[in-house]
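> Here you go, one structure.
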Amino acid sequence: MPTPLHEPTLAEDGVLRPTHLLVDRGRLADNLRAIARHVAPAKVMPVLKANAYGHGLVPVAQLYEEIGAPYLAVAYLEEGMRLRRAGIRTPILVLGGILGSQLPLFIEHDLTITASSVDKLEAIEEIAREAGRRARVHLKIDTGMERIGVHWYSADALLERALRCTHTHVEGIFSHFANSDAPDLTHARLQLERFEEVLETWARRGPPVLRHIANSGAVEALPESWLDLVRPGILAYGVHPSRDVPRQVPVRPALTWVSRVVYFKVVKPGNPVSYGSTWAPEELTRLVTVPVGYGDGYARRMSGRAEVVLHGRRYPVVGRICMDQVMVDIGWDSAYNADEVVLLGERDGSAVTAEELAEWAGTIPYEILTGINTRVPRVYVGEVGPERLP
């Protein structure tokens with residue numbers, strides 16, 4: 001069994017839970033290197049929000065720092081604090097909205113703050129002045145997402161206030177695409193035009209800053225948007241953001257979700273299986289039980305649709321998915337206790353992809369990866385190699 005790099009990986013009694021994730025550090029490193037080569041001379045700011053898209057916040061940050069990522073991005077203050085407390089020294093941008101009560105902690109942990117309005121920028125300036133420190137911010141411009149940030153058409157007030165700050169360093173200006181992974185990029189190009197207008201206004205008045213708007217979809221589909229930094233999220237973990245995005249970067253999934261058979265039985269025709277009695281075999285069949293369920297993030301919505309890989313073949317999950325267990329119909333094939341079952345990933349030429357899980361669950365691959373909760377241990381495998389990011 002591979003040696004884990006970071007908890008939580010082992011159960012309290014020291015026995016690895018049958019259901020766990022194998023996270024390939026080599027693939028994570030190779031994916032980020034491939035993105036960096038693709039967008040050069042722009043730099044990469046990999047996004048580690050939501051437990052690094054399910055791959056483990058601290059271990060992935062340690063890996064990215066090891067191979068020379070110049071910046072990291074997270075969604076929330078507590079994610080940035082956790083990385084600092086784990087010894088990560090790379091600059092960290094917190095992308096999400098903020099409360100004034102959080103600002104002293106941003107300053108204390110040297111986290112870069114998203115300044116999304118004049119009022120928030122003034123609050124940052126005041127807290128930094130009181131602390132005798134210099135805050136670092138990136139200004140957030142809303143170019144068509146309607147989430148956080150000042151509208152592009154009223155950004156002048158934020159830019160002017162930023163130029164007058166004495167305890168706040170404006171390191172960057174950024175926006176976010178709403179539709180860069182869509183088949184029609186008209187709206188994304190409109191957003192980019194709006195963002196460039198704001199950047200031109202700043203360039204006439206202020207010093208150079210880091211400019212960034214490109215997410216995973218734009219990394220592959222909109223090279224004109226790469227600017228100074230790109231922010232790959234799901235692409236860095238080896239999953240393309242949608243079926244509509246051209247596959248321009250050679251990435252591979254870094255995560256394999258596995259479990260093991262814990263029970264085997266023969267079920268007679270007509271005997272219903274699991275809650276609600278929604279499925280029963282039409283003829284004598286063999287079922288195996290696997291210790292995973294919606295309590296782990298294996299979505300109940302996939303009941304009657306999901307498939308797993310066992311002995312290099314795909315078999316259907318039958319009956320309703322339980323909180324902690326699922327049943328798999330293997331027909332008249334054989335299986336034994338402790339046989340490996342692949343829930344997500346590839347074995348012996350057969351695979352289940354994040355896109356398939358998302359289709360079965362009626363969602364997107366992002367939710368599949370980030371929905372695998374921390375009850376599922378992560379085990380880190382694979383060699384990273386010495387190559388640093390360009």
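Quick note on naming: the chains in the structure tokens go A, B, ... in the order shown, residues restart at 1 in each chain, and ligands are numbered from 1 in order of appearance.
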Neighbouring residues of Tyr53 (chain A) were defined as those with any atom within 8 Å, considering only C-alpha atoms; residues of the same chain fewer than 2 positions away were excluded. Please report them as a list in words.
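Neighbouring residues, sequence-local ones excluded: Leu48, Lys49, Ala50, Asn51, His55, Gly56, Gly233, Ile234, Tyr237, Tyr366, Leu369 and Thr370 of chain A.
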> Write to file, as a PDB file, in the first residue's frame, the residues of the selection just made, with C-alpha atoms.

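File produced: result06.pdb:
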```pdb
ATOM      1  CA  LEU A  48      -7.333  24.772  -5.382  1.00  0.00           C
ATOM      2  CA  LYS A  49     -10.809  25.584  -4.114  1.00  0.00           C
ATOM      3  CA  ALA A  50     -13.178  22.878  -2.848  1.00  0.00           C
ATOM      4  CA  ASN A  51     -10.367  20.694  -1.488  1.00  0.00           C
ATOM      5  CA  HIS A  55      -7.828  15.927  -4.751  1.00  0.00           C
ATOM      6  CA  GLY A  56      -6.742  17.234  -1.339  1.00  0.00           C
ATOM      7  CA  GLY A 233      -9.248  24.762 -12.337  1.00  0.00           C
ATOM      8  CA  ILE A 234     -10.691  21.437 -13.454  1.00  0.00           C
ATOM      9  CA  TYR A 237      -6.852  17.863 -12.557  1.00  0.00           C
ATOM     10  CA  TYR A 366     -17.044  19.731 -11.360  1.00  0.00           C
ATOM     11  CA  LEU A 369     -15.037  15.715  -8.218  1.00  0.00           C
ATOM     12  CA  THR A 370     -15.757  18.280  -5.518  1.00  0.00           C
TER      13      THR A 370
END
```
> So which residues of region 120-306 of chain A fall under alpha helix (DSSP H) by DSSP, listed as an MDAnalysis selection string?
chainID A and resid 120:131 156:163 186:205 216:221
> Could those residues be written to a file, using N, CA and C atoms, as a CSV table (one decimal), in the first residue's frame?

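Ended up saving to selection-v6.csv:
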```csv
chain,number,residue,atom,x,y,z
A,120,LYS,N,-15.3,47.9,-0.1
A,120,LYS,CA,-14.5,46.9,0.4
A,120,LYS,C,-13.0,47.3,0.3
A,121,LEU,N,-12.6,48.0,-0.7
A,121,LEU,CA,-11.3,48.5,-0.8
A,121,LEU,C,-10.9,49.4,0.3
A,122,GLU,N,-11.8,50.3,0.6
A,122,GLU,CA,-11.6,51.2,1.7
A,122,GLU,C,-11.5,50.5,3.1
A,123,ALA,N,-12.3,49.5,3.2
A,123,ALA,CA,-12.2,48.7,4.5
A,123,ALA,C,-10.8,48.0,4.6
A,124,ILE,N,-10.3,47.5,3.4
A,124,ILE,CA,-9.0,46.8,3.4
A,124,ILE,C,-7.9,47.8,3.7
A,125,GLU,N,-8.0,49.0,3.1
A,125,GLU,CA,-7.0,50.1,3.4
A,125,GLU,C,-7.0,50.5,4.9
A,126,GLU,N,-8.2,50.6,5.5
A,126,GLU,CA,-8.2,51.0,6.9
A,126,GLU,C,-7.6,49.9,7.8
A,127,ILE,N,-8.0,48.6,7.6
A,127,ILE,CA,-7.5,47.6,8.4
A,127,ILE,C,-6.0,47.4,8.2
A,128,ALA,N,-5.5,47.6,7.0
A,128,ALA,CA,-4.0,47.5,6.8
A,128,ALA,C,-3.3,48.7,7.5
A,129,ARG,N,-3.9,49.9,7.4
A,129,ARG,CA,-3.3,51.0,8.1
A,129,ARG,C,-3.2,50.8,9.6
A,130,GLU,N,-4.3,50.3,10.2
A,130,GLU,CA,-4.3,50.0,11.6
A,130,GLU,C,-3.3,49.0,12.0
A,131,ALA,N,-3.1,48.0,11.2
A,131,ALA,CA,-2.2,46.9,11.5
A,131,ALA,C,-0.7,47.3,11.2
A,156,ASP,N,-14.6,53.0,-12.9
A,156,ASP,CA,-13.7,54.1,-12.7
A,156,ASP,C,-13.5,54.5,-11.3
A,157,ALA,N,-14.6,54.4,-10.5
A,157,ALA,CA,-14.5,54.8,-9.1
A,157,ALA,C,-13.6,53.9,-8.3
A,158,LEU,N,-13.6,52.6,-8.6
A,158,LEU,CA,-12.8,51.6,-7.9
A,158,LEU,C,-11.3,51.9,-8.4
A,159,LEU,N,-11.1,52.1,-9.6
A,159,LEU,CA,-9.7,52.3,-10.1
A,159,LEU,C,-9.1,53.6,-9.5
A,160,GLU,N,-9.9,54.7,-9.4
A,160,GLU,CA,-9.4,55.9,-8.8
A,160,GLU,C,-9.1,55.8,-7.3
A,161,ARG,N,-10.0,55.1,-6.6
A,161,ARG,CA,-9.8,54.9,-5.2
A,161,ARG,C,-8.5,54.0,-5.0
A,162,ALA,N,-8.3,53.0,-5.8
A,162,ALA,CA,-7.1,52.2,-5.7
A,162,ALA,C,-5.8,52.9,-5.9
A,163,LEU,N,-5.9,53.9,-6.8
A,163,LEU,CA,-4.7,54.7,-7.0
A,163,LEU,C,-4.3,55.6,-5.8
A,186,THR,N,-19.4,33.9,-28.3
A,186,THR,CA,-19.7,35.3,-28.5
A,186,THR,C,-19.7,36.1,-27.2
A,187,HIS,N,-20.4,35.6,-26.2
A,187,HIS,CA,-20.5,36.3,-24.9
A,187,HIS,C,-19.1,36.3,-24.2
A,188,ALA,N,-18.3,35.3,-24.3
A,188,ALA,CA,-17.0,35.3,-23.7
A,188,ALA,C,-16.1,36.4,-24.4
A,189,ARG,N,-16.2,36.5,-25.7
A,189,ARG,CA,-15.4,37.6,-26.4
A,189,ARG,C,-15.9,38.9,-26.0
A,190,LEU,N,-17.2,39.1,-25.8
A,190,LEU,CA,-17.8,40.4,-25.3
A,190,LEU,C,-17.2,40.7,-24.0
A,191,GLN,N,-17.2,39.7,-23.1
A,191,GLN,CA,-16.6,39.9,-21.7
A,191,GLN,C,-15.1,40.4,-21.8
A,192,LEU,N,-14.4,39.7,-22.7
A,192,LEU,CA,-13.0,40.1,-22.9
A,192,LEU,C,-12.8,41.5,-23.4
A,193,GLU,N,-13.7,41.9,-24.3
A,193,GLU,CA,-13.6,43.3,-24.8
A,193,GLU,C,-13.9,44.3,-23.6
A,194,ARG,N,-14.9,44.0,-22.8
A,194,ARG,CA,-15.2,44.9,-21.7
A,194,ARG,C,-14.0,44.9,-20.7
A,195,PHE,N,-13.4,43.8,-20.4
A,195,PHE,CA,-12.3,43.7,-19.5
A,195,PHE,C,-11.1,44.6,-20.1
A,196,GLU,N,-10.9,44.4,-21.3
A,196,GLU,CA,-9.8,45.2,-22.0
A,196,GLU,C,-10.0,46.7,-21.9
A,197,GLU,N,-11.3,47.1,-22.0
A,197,GLU,CA,-11.6,48.5,-21.8
A,197,GLU,C,-11.1,49.0,-20.4
A,198,VAL,N,-11.5,48.2,-19.4
A,198,VAL,CA,-11.1,48.6,-18.0
A,198,VAL,C,-9.6,48.6,-17.9
A,199,LEU,N,-8.9,47.6,-18.5
A,199,LEU,CA,-7.4,47.5,-18.4
A,199,LEU,C,-6.8,48.7,-19.1
A,200,GLU,N,-7.3,49.2,-20.2
A,200,GLU,CA,-6.8,50.3,-20.9
A,200,GLU,C,-6.9,51.6,-20.0
A,201,THR,N,-8.1,51.7,-19.3
A,201,THR,CA,-8.3,52.8,-18.4
A,201,THR,C,-7.2,52.8,-17.3
A,202,TRP,N,-7.0,51.7,-16.7
A,202,TRP,CA,-6.0,51.6,-15.7
A,202,TRP,C,-4.6,51.9,-16.2
A,203,ALA,N,-4.3,51.4,-17.3
A,203,ALA,CA,-2.9,51.6,-17.9
A,203,ALA,C,-2.6,53.0,-18.1
A,204,ARG,N,-3.6,53.9,-18.4
A,204,ARG,CA,-3.4,55.3,-18.6
A,204,ARG,C,-3.1,56.0,-17.3
A,205,ARG,N,-3.4,55.4,-16.1
A,205,ARG,CA,-3.3,56.1,-14.8
A,205,ARG,C,-2.4,55.4,-13.8
A,216,SER,N,-10.4,27.5,-17.2
A,216,SER,CA,-10.0,26.3,-17.9
A,216,SER,C,-10.5,26.3,-19.4
A,217,GLY,N,-11.8,26.7,-19.5
A,217,GLY,CA,-12.3,26.8,-20.9
A,217,GLY,C,-11.5,27.7,-21.8
A,218,ALA,N,-11.2,28.9,-21.2
A,218,ALA,CA,-10.4,29.9,-22.0
A,218,ALA,C,-9.0,29.4,-22.3
A,219,VAL,N,-8.4,28.7,-21.4
A,219,VAL,CA,-7.1,28.1,-21.6
A,219,VAL,C,-7.1,27.3,-22.9
A,220,GLU,N,-8.1,26.6,-23.2
A,220,GLU,CA,-8.2,25.8,-24.4
A,220,GLU,C,-8.8,26.5,-25.6
A,221,ALA,N,-9.7,27.4,-25.4
A,221,ALA,CA,-10.5,28.0,-26.5
A,221,ALA,C,-10.2,29.4,-26.8
```
> Excluding region 294-310 of chain A and any residue of its chain fewer than 6 positions from it, enumerate the residues within 8 Å of it, using only C-alpha atoms, and give them as a ChimeraX atom specification.
/A:316-324,328,339-344,346-347,350-352,357,360-362,368,371-376
> Residues as selected, N, CA and C atoms, written as a JSON list (two decimals), in the first residue's frame, can you do that?

```
[["chain", "number", "residue", "atom", "x", "y", "z"],
["A", 316, "PRO", "N", -23.42, -3.00, -14.02],
["A", 316, "PRO", "CA", -24.36, -1.97, -13.55],
["A", 316, "PRO", "C", -24.56, -1.99, -12.04],
["A", 317, "VAL", "N", -24.69, -0.79, -11.48],
["A", 317, "VAL", "CA", -25.16, -0.63, -10.11],
["A", 317, "VAL", "C", -26.67, -0.76, -10.14],
["A", 318, "VAL", "N", -27.23, -1.61, -9.28],
["A", 318, "VAL", "CA", -28.67, -1.88, -9.33],
["A", 318, "VAL", "C", -29.33, -1.52, -8.01],
["A", 319, "GLY", "N", -30.61, -1.20, -8.09],
["A", 319, "GLY", "CA", -31.32, -0.74, -6.91],
["A", 319, "GLY", "C", -30.86, 0.65, -6.54],
["A", 320, "ARG", "N", -31.48, 1.17, -5.50],
["A", 320, "ARG", "CA", -31.11, 2.53, -5.07],
["A", 320, "ARG", "C", -29.75, 2.52, -4.36],
["A", 321, "ILE", "N", -28.97, 3.53, -4.66],
["A", 321, "ILE", "CA", -27.70, 3.73, -3.96],
["A", 321, "ILE", "C", -28.00, 4.14, -2.52],
["A", 322, "CYS", "N", -27.40, 3.43, -1.58],
["A", 322, "CYS", "CA", -27.60, 3.70, -0.15],
["A", 322, "CYS", "C", -26.58, 4.74, 0.33],
["A", 323, "MET", "N", -26.70, 5.12, 1.58],
["A", 323, "MET", "CA", -25.76, 6.07, 2.13],
["A", 323, "MET", "C", -24.34, 5.52, 2.16],
["A", 324, "ASP", "N", -24.20, 4.22, 2.45],
["A", 324, "ASP", "CA", -22.88, 3.64, 2.66],
["A", 324, "ASP", "C", -22.58, 2.43, 1.78],
["A", 328, "VAL", "N", -24.04, -4.32, -7.02],
["A", 328, "VAL", "CA", -23.64, -4.41, -8.42],
["A", 328, "VAL", "C", -24.04, -5.77, -8.95],
["A", 339, "ASP", "N", -12.01, -8.16, -3.91],
["A", 339, "ASP", "CA", -11.72, -7.79, -5.29],
["A", 339, "ASP", "C", -11.91, -6.28, -5.47],
["A", 340, "GLU", "N", -11.01, -5.67, -6.23],
["A", 340, "GLU", "CA", -11.07, -4.22, -6.43],
["A", 340, "GLU", "C", -12.23, -3.84, -7.36],
["A", 341, "VAL", "N", -12.89, -2.75, -7.00],
["A", 341, "VAL", "CA", -13.97, -2.18, -7.81],
["A", 341, "VAL", "C", -13.59, -0.73, -8.10],
["A", 342, "VAL", "N", -13.61, -0.35, -9.38],
["A", 342, "VAL", "CA", -13.26, 1.01, -9.77],
["A", 342, "VAL", "C", -14.54, 1.79, -10.00],
["A", 343, "LEU", "N", -14.72, 2.85, -9.22],
["A", 343, "LEU", "CA", -15.89, 3.71, -9.32],
["A", 343, "LEU", "C", -15.66, 4.85, -10.30],
["A", 344, "LEU", "N", -14.41, 5.32, -10.37],
["A", 344, "LEU", "CA", -14.02, 6.39, -11.27],
["A", 344, "LEU", "C", -12.57, 6.17, -11.63],
["A", 346, "GLU", "N", -9.64, 4.14, -14.54],
["A", 346, "GLU", "CA", -9.42, 3.09, -15.54],
["A", 346, "GLU", "C", -8.67, 1.92, -14.94],
["A", 347, "ARG", "N", -9.06, 0.72, -15.36],
["A", 347, "ARG", "CA", -8.34, -0.51, -15.01],
["A", 347, "ARG", "C", -8.50, -1.50, -16.16],
["A", 350, "SER", "N", -10.73, -0.84, -19.25],
["A", 350, "SER", "CA", -12.08, -0.34, -19.05],
["A", 350, "SER", "C", -12.04, 0.86, -18.12],
["A", 351, "ALA", "N", -12.92, 1.83, -18.37],
["A", 351, "ALA", "CA", -12.87, 3.06, -17.59],
["A", 351, "ALA", "C", -14.26, 3.59, -17.31],
["A", 352, "VAL", "N", -14.37, 4.32, -16.21],
["A", 352, "VAL", "CA", -15.53, 5.15, -15.90],
["A", 352, "VAL", "C", -15.00, 6.56, -15.74],
["A", 357, "LEU", "N", -20.03, 9.85, -14.92],
["A", 357, "LEU", "CA", -20.67, 9.99, -13.62],
["A", 357, "LEU", "C", -21.58, 11.21, -13.60],
["A", 360, "TRP", "N", -24.79, 10.51, -15.53],
["A", 360, "TRP", "CA", -25.69, 9.65, -14.75],
["A", 360, "TRP", "C", -26.36, 10.41, -13.62],
["A", 361, "ALA", "N", -25.63, 11.38, -13.05],
["A", 361, "ALA", "CA", -26.16, 12.14, -11.92],
["A", 361, "ALA", "C", -26.91, 13.39, -12.36],
["A", 362, "GLY", "N", -26.92, 13.70, -13.64],
["A", 362, "GLY", "CA", -27.60, 14.89, -14.12],
["A", 362, "GLY", "C", -26.91, 16.16, -13.70],
["A", 368, "ILE", "N", -19.07, 16.34, -9.49],
["A", 368, "ILE", "CA", -18.65, 14.97, -9.16],
["A", 368, "ILE", "C", -17.35, 15.00, -8.37],
["A", 371, "GLY", "N", -17.61, 16.78, -5.00],
["A", 371, "GLY", "CA", -18.57, 16.16, -4.10],
["A", 371, "GLY", "C", -18.05, 14.93, -3.38],
["A", 372, "ILE", "N", -16.87, 14.45, -3.74],
["A", 372, "ILE", "CA", -16.29, 13.31, -3.02],
["A", 372, "ILE", "C", -15.78, 13.83, -1.68],
["A", 373, "ASN", "N", -16.43, 13.47, -0.60],
["A", 373, "ASN", "CA", -16.16, 14.17, 0.65],
["A", 373, "ASN", "C", -14.95, 13.60, 1.40],
["A", 374, "THR", "N", -14.64, 14.23, 2.50],
["A", 374, "THR", "CA", -13.43, 13.89, 3.24],
["A", 374, "THR", "C", -13.56, 12.60, 4.03],
["A", 375, "ARG", "N", -14.72, 11.96, 4.03],
["A", 375, "ARG", "CA", -14.83, 10.63, 4.62],
["A", 375, "ARG", "C", -14.06, 9.61, 3.78],
["A", 376, "VAL", "N", -13.81, 9.94, 2.53],
["A", 376, "VAL", "CA", -13.06, 9.07, 1.63],
["A", 376, "VAL", "C", -11.58, 9.42, 1.74]]
```
> Residues of region 173-275 of chain A within 12 Å of region 66-85 of chain A: nearest atom pair and distance (Å, one decimal) for each, counting only C-alpha atoms, sorted by chain and number, as a Markdown table?

```
| residue | atom | partner | partner_atom | distance |
| --- | --- | --- | --- | --- |
| A:Leu210 | CA | A:Tyr71 | CA | 11.2 |
| A:Asn215 | CA | A:Ala73 | CA | 11.7 |
| A:Asp228 | CA | A:Pro70 | CA | 11.7 |
| A:Leu229 | CA | A:Tyr71 | CA | 9.1 |
| A:Val230 | CA | A:Tyr71 | CA | 10.2 |
| A:Arg231 | CA | A:Ala73 | CA | 7.9 |
| A:Pro232 | CA | A:Ala73 | CA | 9.6 |
| A:Gly233 | CA | A:Ala73 | CA | 9.3 |
```
> Store the residues picked out above, limited to C-alpha atoms, as a JSON list (two decimals), in the first residue's frame.

```
[["chain", "number", "residue", "atom", "x", "y", "z"],
["A", 210, "LEU", "CA", -1.20, 41.26, -13.27],
["A", 215, "ASN", "CA", -10.27, 29.89, -16.70],
["A", 228, "ASP", "CA", -0.42, 37.72, -17.74],
["A", 229, "LEU", "CA", -1.97, 34.85, -15.79],
["A", 230, "VAL", "CA", -4.40, 32.01, -16.42],
["A", 231, "ARG", "CA", -6.45, 30.31, -13.72],
["A", 232, "PRO", "CA", -6.88, 26.62, -14.61],
["A", 233, "GLY", "CA", -9.25, 24.76, -12.34]]
```
> So, counting only C-alpha atoms, which residue among A:Ile148, A:Ala254, A:Val245, A:Ala354 is closest to Gly26 (chain A)?
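Closest candidate: A:Ala254.
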> Tell me, in Å to one decimal, how far CA of Pro253 (chain A) is from CA of Met145 (chain A).
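According to the coordinates, CA of Pro253 (chain A) and CA of Met145 (chain A) are separated by 28.3 Å.
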> For each of A:Thr19, A:Thr168, A:Ser154, A:Ser116, take the minimum atom-to-atom distance to Arg136 (chain A), counting only C-alpha atoms, then give the residue where this is smallest.
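Closest residue, counting only C-alpha atoms: A:Thr168.
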> Tell me, as a list of chain:residue names, which residues lie within 9 Å of Gln62 (chain A), counting only C-alpha atoms; anything in the same chain fewer than 3 positions away does not count.
A:Leu57, A:Val58, A:Pro59, A:Glu65, A:Glu66, A:Ile67, A:Leu83, A:Ala86, A:Gly87, A:Ile88
